[in-house]
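Listing of structure_6.cif; format and content: mmCIF, N, CA, C and O atoms.
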data_run
#
loop_
_atom_site.label_atom_id
_atom_site.label_comp_id
_atom_site.auth_asym_id
_atom_site.auth_seq_id
_atom_site.Cartn_x
_atom_site.Cartn_y
_atom_site.Cartn_z
N MET Y 263 -16.77 4.87 -10.77
CA MET Y 263 -16.06 3.78 -10.13
C MET Y 263 -16.94 3.22 -9.01
O MET Y 263 -17.67 3.94 -8.35
N SER Y 264 -16.82 1.94 -8.79
CA SER Y 264 -17.62 1.28 -7.77
C SER Y 264 -17.10 1.60 -6.37
O SER Y 264 -15.93 1.97 -6.19
N THR Y 265 -17.97 1.45 -5.41
CA THR Y 265 -17.57 1.64 -4.02
C THR Y 265 -16.49 0.63 -3.64
O THR Y 265 -15.54 0.96 -2.92
N PHE Y 266 -16.64 -0.59 -4.14
CA PHE Y 266 -15.65 -1.63 -3.88
C PHE Y 266 -14.27 -1.18 -4.36
O PHE Y 266 -13.27 -1.27 -3.64
N GLY Y 267 -14.20 -0.68 -5.59
CA GLY Y 267 -12.93 -0.22 -6.15
C GLY Y 267 -12.35 0.95 -5.38
O GLY Y 267 -11.14 1.00 -5.12
N GLU Y 268 -13.20 1.88 -5.01
CA GLU Y 268 -12.73 3.04 -4.23
C GLU Y 268 -12.18 2.59 -2.88
O GLU Y 268 -11.12 3.06 -2.45
N ASN Y 269 -12.90 1.71 -2.21
CA ASN Y 269 -12.45 1.21 -0.91
C ASN Y 269 -11.14 0.43 -1.03
O ASN Y 269 -10.25 0.57 -0.19
N LEU Y 270 -11.03 -0.37 -2.08
CA LEU Y 270 -9.82 -1.15 -2.28
C LEU Y 270 -8.62 -0.22 -2.51
O LEU Y 270 -7.56 -0.42 -1.92
N ARG Y 271 -8.80 0.79 -3.33
CA ARG Y 271 -7.71 1.74 -3.59
C ARG Y 271 -7.31 2.47 -2.31
O ARG Y 271 -6.12 2.70 -2.06
N GLN Y 272 -8.29 2.85 -1.50
CA GLN Y 272 -7.97 3.55 -0.25
C GLN Y 272 -7.22 2.62 0.71
O GLN Y 272 -6.24 3.03 1.35
N ARG Y 273 -7.66 1.37 0.80
CA ARG Y 273 -6.96 0.41 1.66
C ARG Y 273 -5.53 0.19 1.18
O ARG Y 273 -4.61 0.06 2.00
N LEU Y 274 -5.35 0.15 -0.13
CA LEU Y 274 -4.02 -0.05 -0.69
C LEU Y 274 -3.11 1.15 -0.38
O LEU Y 274 -1.95 0.98 0.01
N THR Y 275 -3.64 2.34 -0.52
CA THR Y 275 -2.87 3.55 -0.18
C THR Y 275 -2.46 3.53 1.28
O THR Y 275 -1.30 3.79 1.62
N THR Y 276 -3.38 3.18 2.15
CA THR Y 276 -3.10 3.12 3.59
C THR Y 276 -2.05 2.05 3.89
O THR Y 276 -1.12 2.30 4.67
N ALA Y 277 -2.18 0.89 3.26
CA ALA Y 277 -1.22 -0.19 3.49
C ALA Y 277 0.17 0.19 2.99
O ALA Y 277 1.18 -0.11 3.64
N ARG Y 278 0.24 0.85 1.84
CA ARG Y 278 1.54 1.28 1.31
C ARG Y 278 2.20 2.30 2.22
O ARG Y 278 3.41 2.28 2.43
N ARG Y 279 1.41 3.21 2.76
CA ARG Y 279 1.97 4.21 3.70
C ARG Y 279 2.46 3.53 4.97
O ARG Y 279 3.52 3.89 5.50
N ALA Y 280 1.71 2.58 5.47
CA ALA Y 280 2.11 1.85 6.67
C ALA Y 280 3.39 1.05 6.40
O ALA Y 280 4.28 0.98 7.26
N LEU Y 281 3.49 0.46 5.21
CA LEU Y 281 4.70 -0.28 4.84
C LEU Y 281 5.90 0.66 4.80
O LEU Y 281 6.96 0.35 5.33
N ALA Y 282 5.74 1.82 4.19
CA ALA Y 282 6.83 2.79 4.12
C ALA Y 282 7.26 3.23 5.52
O ALA Y 282 8.46 3.36 5.80
N ALA Y 283 6.29 3.45 6.40
CA ALA Y 283 6.61 3.86 7.77
C ALA Y 283 7.36 2.75 8.51
O ALA Y 283 8.34 3.02 9.21
N ALA Y 284 6.94 1.52 8.32
CA ALA Y 284 7.61 0.39 8.97
C ALA Y 284 9.04 0.25 8.46
O ALA Y 284 9.96 -0.01 9.24
N GLN Y 285 9.22 0.43 7.15
CA GLN Y 285 10.57 0.37 6.58
C GLN Y 285 11.44 1.48 7.15
O GLN Y 285 12.59 1.23 7.53
N ARG Y 286 10.89 2.67 7.21
CA ARG Y 286 11.64 3.83 7.73
C ARG Y 286 12.03 3.62 9.19
O ARG Y 286 13.12 3.99 9.62
N ASP Y 287 11.12 3.00 9.96
CA ASP Y 287 11.34 2.82 11.39
C ASP Y 287 12.15 1.56 11.74
O ASP Y 287 12.43 1.32 12.91
N GLY Y 288 12.46 0.75 10.72
CA GLY Y 288 13.20 -0.48 10.98
C GLY Y 288 12.37 -1.55 11.67
O GLY Y 288 12.90 -2.42 12.35
N ASP Y 289 11.06 -1.51 11.46
CA ASP Y 289 10.13 -2.45 12.08
C ASP Y 289 9.96 -3.66 11.16
O ASP Y 289 9.12 -3.67 10.27
N ASP Y 290 10.79 -4.68 11.38
CA ASP Y 290 10.79 -5.85 10.49
C ASP Y 290 9.44 -6.56 10.46
O ASP Y 290 8.98 -6.98 9.40
N PHE Y 291 8.81 -6.73 11.62
CA PHE Y 291 7.51 -7.39 11.66
C PHE Y 291 6.47 -6.56 10.91
O PHE Y 291 5.67 -7.10 10.13
N GLY Y 292 6.48 -5.26 11.12
CA GLY Y 292 5.56 -4.38 10.41
C GLY Y 292 5.77 -4.43 8.91
O GLY Y 292 4.82 -4.43 8.13
N VAL Y 293 7.03 -4.50 8.48
CA VAL Y 293 7.34 -4.59 7.05
C VAL Y 293 6.72 -5.86 6.48
O VAL Y 293 6.05 -5.83 5.44
N GLN Y 294 6.91 -6.98 7.15
CA GLN Y 294 6.35 -8.25 6.67
C GLN Y 294 4.83 -8.20 6.63
O GLN Y 294 4.20 -8.63 5.65
N THR Y 295 4.23 -7.68 7.68
CA THR Y 295 2.78 -7.61 7.77
C THR Y 295 2.19 -6.72 6.68
O THR Y 295 1.26 -7.12 5.97
N HIS Y 296 2.72 -5.53 6.54
CA HIS Y 296 2.17 -4.58 5.57
C HIS Y 296 2.50 -4.98 4.13
O HIS Y 296 1.67 -4.75 3.23
N ALA Y 297 3.66 -5.58 3.91
CA ALA Y 297 4.00 -6.05 2.56
C ALA Y 297 3.01 -7.14 2.13
O ALA Y 297 2.55 -7.15 0.98
N SER Y 298 2.66 -8.03 3.04
CA SER Y 298 1.68 -9.07 2.73
C SER Y 298 0.32 -8.47 2.43
O SER Y 298 -0.38 -8.91 1.50
N GLU Y 299 -0.06 -7.46 3.20
CA GLU Y 299 -1.35 -6.80 2.96
C GLU Y 299 -1.37 -6.12 1.59
O GLU Y 299 -2.35 -6.23 0.85
N VAL Y 300 -0.27 -5.44 1.23
CA VAL Y 300 -0.19 -4.78 -0.08
C VAL Y 300 -0.31 -5.82 -1.19
O VAL Y 300 -1.07 -5.64 -2.14
N GLU Y 301 0.42 -6.92 -1.06
CA GLU Y 301 0.35 -7.99 -2.08
C GLU Y 301 -1.07 -8.54 -2.20
O GLU Y 301 -1.55 -8.77 -3.32
N ASP Y 302 -1.71 -8.78 -1.07
CA ASP Y 302 -3.09 -9.31 -1.09
C ASP Y 302 -4.05 -8.34 -1.77
O ASP Y 302 -4.89 -8.75 -2.57
N LEU Y 303 -3.92 -7.06 -1.45
CA LEU Y 303 -4.82 -6.07 -2.05
C LEU Y 303 -4.55 -5.90 -3.55
O LEU Y 303 -5.50 -5.76 -4.33
N GLU Y 304 -3.29 -5.95 -3.96
CA GLU Y 304 -2.97 -5.87 -5.39
C GLU Y 304 -3.53 -7.08 -6.12
O GLU Y 304 -4.06 -6.97 -7.23
N ARG Y 305 -3.43 -8.25 -5.51
CA ARG Y 305 -3.98 -9.47 -6.12
C ARG Y 305 -5.50 -9.39 -6.21
O ARG Y 305 -6.09 -9.75 -7.23
N LEU Y 306 -6.14 -8.90 -5.17
CA LEU Y 306 -7.58 -8.75 -5.16
C LEU Y 306 -8.03 -7.79 -6.26
O LEU Y 306 -9.00 -8.05 -6.97
N ALA Y 307 -7.31 -6.69 -6.41
CA ALA Y 307 -7.63 -5.72 -7.46
C ALA Y 307 -7.52 -6.38 -8.83
O ALA Y 307 -8.42 -6.24 -9.67
N ALA Y 308 -6.44 -7.10 -9.06
CA ALA Y 308 -6.24 -7.74 -10.36
C ALA Y 308 -7.34 -8.77 -10.63
O ALA Y 308 -7.84 -8.87 -11.75
N THR Y 309 -7.72 -9.51 -9.62
CA THR Y 309 -8.77 -10.52 -9.77
C THR Y 309 -10.08 -9.90 -10.22
O THR Y 309 -10.82 -10.50 -10.99
N HIS Y 310 -10.35 -8.70 -9.74
CA HIS Y 310 -11.61 -8.03 -10.05
C HIS Y 310 -11.49 -6.99 -11.16
O HIS Y 310 -12.41 -6.21 -11.39
N GLY Y 311 -10.34 -6.98 -11.83
CA GLY Y 311 -10.16 -6.07 -12.96
C GLY Y 311 -10.05 -4.61 -12.58
O GLY Y 311 -10.35 -3.73 -13.38
N ILE Y 312 -9.61 -4.35 -11.37
CA ILE Y 312 -9.47 -2.97 -10.89
C ILE Y 312 -8.02 -2.54 -11.10
O ILE Y 312 -7.09 -3.19 -10.62
N VAL Y 313 -7.85 -1.47 -11.84
CA VAL Y 313 -6.51 -0.95 -12.12
C VAL Y 313 -6.09 -0.07 -10.94
O VAL Y 313 -6.83 0.84 -10.54
N VAL Y 314 -4.93 -0.38 -10.39
CA VAL Y 314 -4.41 0.44 -9.28
C VAL Y 314 -3.09 1.06 -9.72
O VAL Y 314 -2.37 0.50 -10.55
N ALA Y 315 -2.79 2.21 -9.18
CA ALA Y 315 -1.55 2.90 -9.50
C ALA Y 315 -0.38 2.07 -8.99
O ALA Y 315 -0.46 1.45 -7.92
N PRO Y 316 0.69 2.03 -9.76
CA PRO Y 316 1.87 1.30 -9.29
C PRO Y 316 2.45 1.95 -8.04
O PRO Y 316 2.24 3.14 -7.80
N GLU Y 317 3.15 1.16 -7.29
CA GLU Y 317 3.79 1.69 -6.08
C GLU Y 317 4.81 2.73 -6.49
O GLU Y 317 5.58 2.52 -7.43
N PRO Y 318 4.84 3.89 -5.82
CA PRO Y 318 5.79 4.94 -6.19
C PRO Y 318 7.24 4.46 -5.99
O PRO Y 318 7.51 3.62 -5.13
N ALA Y 319 8.13 5.00 -6.79
CA ALA Y 319 9.55 4.66 -6.68
C ALA Y 319 10.07 5.09 -5.33
O ALA Y 319 9.63 6.09 -4.76
N ALA Y 320 11.03 4.34 -4.82
CA ALA Y 320 11.62 4.68 -3.53
C ALA Y 320 12.38 5.99 -3.65
O ALA Y 320 13.02 6.26 -4.65
N GLY Y 321 12.28 6.78 -2.64
CA GLY Y 321 12.97 8.06 -2.62
C GLY Y 321 12.55 8.80 -1.37
O GLY Y 321 11.75 8.32 -0.59
N PRO Y 322 13.10 9.98 -1.17
CA PRO Y 322 12.75 10.73 0.03
C PRO Y 322 11.28 11.09 0.04
O PRO Y 322 10.71 11.45 -0.99
N ALA Y 323 10.68 10.93 1.17
CA ALA Y 323 9.27 11.29 1.33
C ALA Y 323 9.13 12.81 1.40
O ALA Y 323 10.03 13.50 1.87
N VAL Y 324 8.02 13.31 0.96
CA VAL Y 324 7.76 14.75 1.04
C VAL Y 324 7.69 15.13 2.51
O VAL Y 324 7.05 14.47 3.31
N GLY Y 325 8.37 16.19 2.86
CA GLY Y 325 8.32 16.68 4.23
C GLY Y 325 9.26 15.96 5.18
O GLY Y 325 9.13 16.07 6.38
N ASP Y 326 10.25 15.20 4.65
CA ASP Y 326 11.14 14.49 5.54
C ASP Y 326 12.41 15.30 5.87
O ASP Y 326 13.34 14.78 6.46
N GLY Y 327 12.43 16.57 5.45
CA GLY Y 327 13.55 17.43 5.76
C GLY Y 327 14.68 17.40 4.73
O GLY Y 327 15.65 18.10 4.87
N VAL Y 328 14.54 16.58 3.71
CA VAL Y 328 15.54 16.51 2.67
C VAL Y 328 15.22 17.56 1.61
O VAL Y 328 14.12 17.63 1.11
N GLU Y 329 16.17 18.38 1.28
CA GLU Y 329 15.95 19.45 0.29
C GLU Y 329 16.50 19.03 -1.04
O GLU Y 329 17.50 18.45 -1.18
#

Could I get this file's structure written as structure tokens?
Amino acid sequence: MSTFGENLRQRLTTARRALAAAQRDGDDFGVQTHASEVEDLERLAATHGIVVAPEPAAGPAVGDGVE
């Protein structure tokens, strides 16, 4: 895999985690900002033919105290 693809996937993972945190914290501005970043990165990946994993289904995060 190219360095570009690896970096894009890492940025997407980071943006998705930040989006989830903003949603959890009720940070509306953060949700808008990170959602836009995720969309931009997914579009960039598609433009360059880079396959990215779909966003995981909503559910309790690992380690959030839910058994």

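Take atom C of Ser264 of chain Y and atom N of Gly311 of chain Y: the distance between them is 12.2 Å.
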
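Atom pair atom CA of Arg273 of chain Y / atom CA of Arg305 of chain Y has a distance of 12.9 Å (rounded to one decimal).
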
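You can rank Y:Leu274, Y:Gly267, Y:Val314, Y:Ala280 by their closest distance to Val300 of chain Y using all atoms listed in the file, and at the top of that list sits Y:Leu274.
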
Members of chain Y assigned helix (DSSP H, G or I) by DSSP, as JSON, numbers by chain: {"Y": [265, 266, 267, 268, 269, 270, 271, 272, 273, 274, 275, 276, 277, 278, 279, 280, 281, 282, 283, 284, 285, 286, 287, 290, 291, 292, 293, 294, 295, 296, 297, 298, 299, 300, 301, 302, 303, 304, 305, 306, 307, 308, 309]}

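Nearest-residue note for His296 of chain Y: choosing from Y:Ala283, Y:Ala308, Y:Val313, Y:Ala277, the minimum distance belongs to Y:Ala277, counting all atoms listed in the file.
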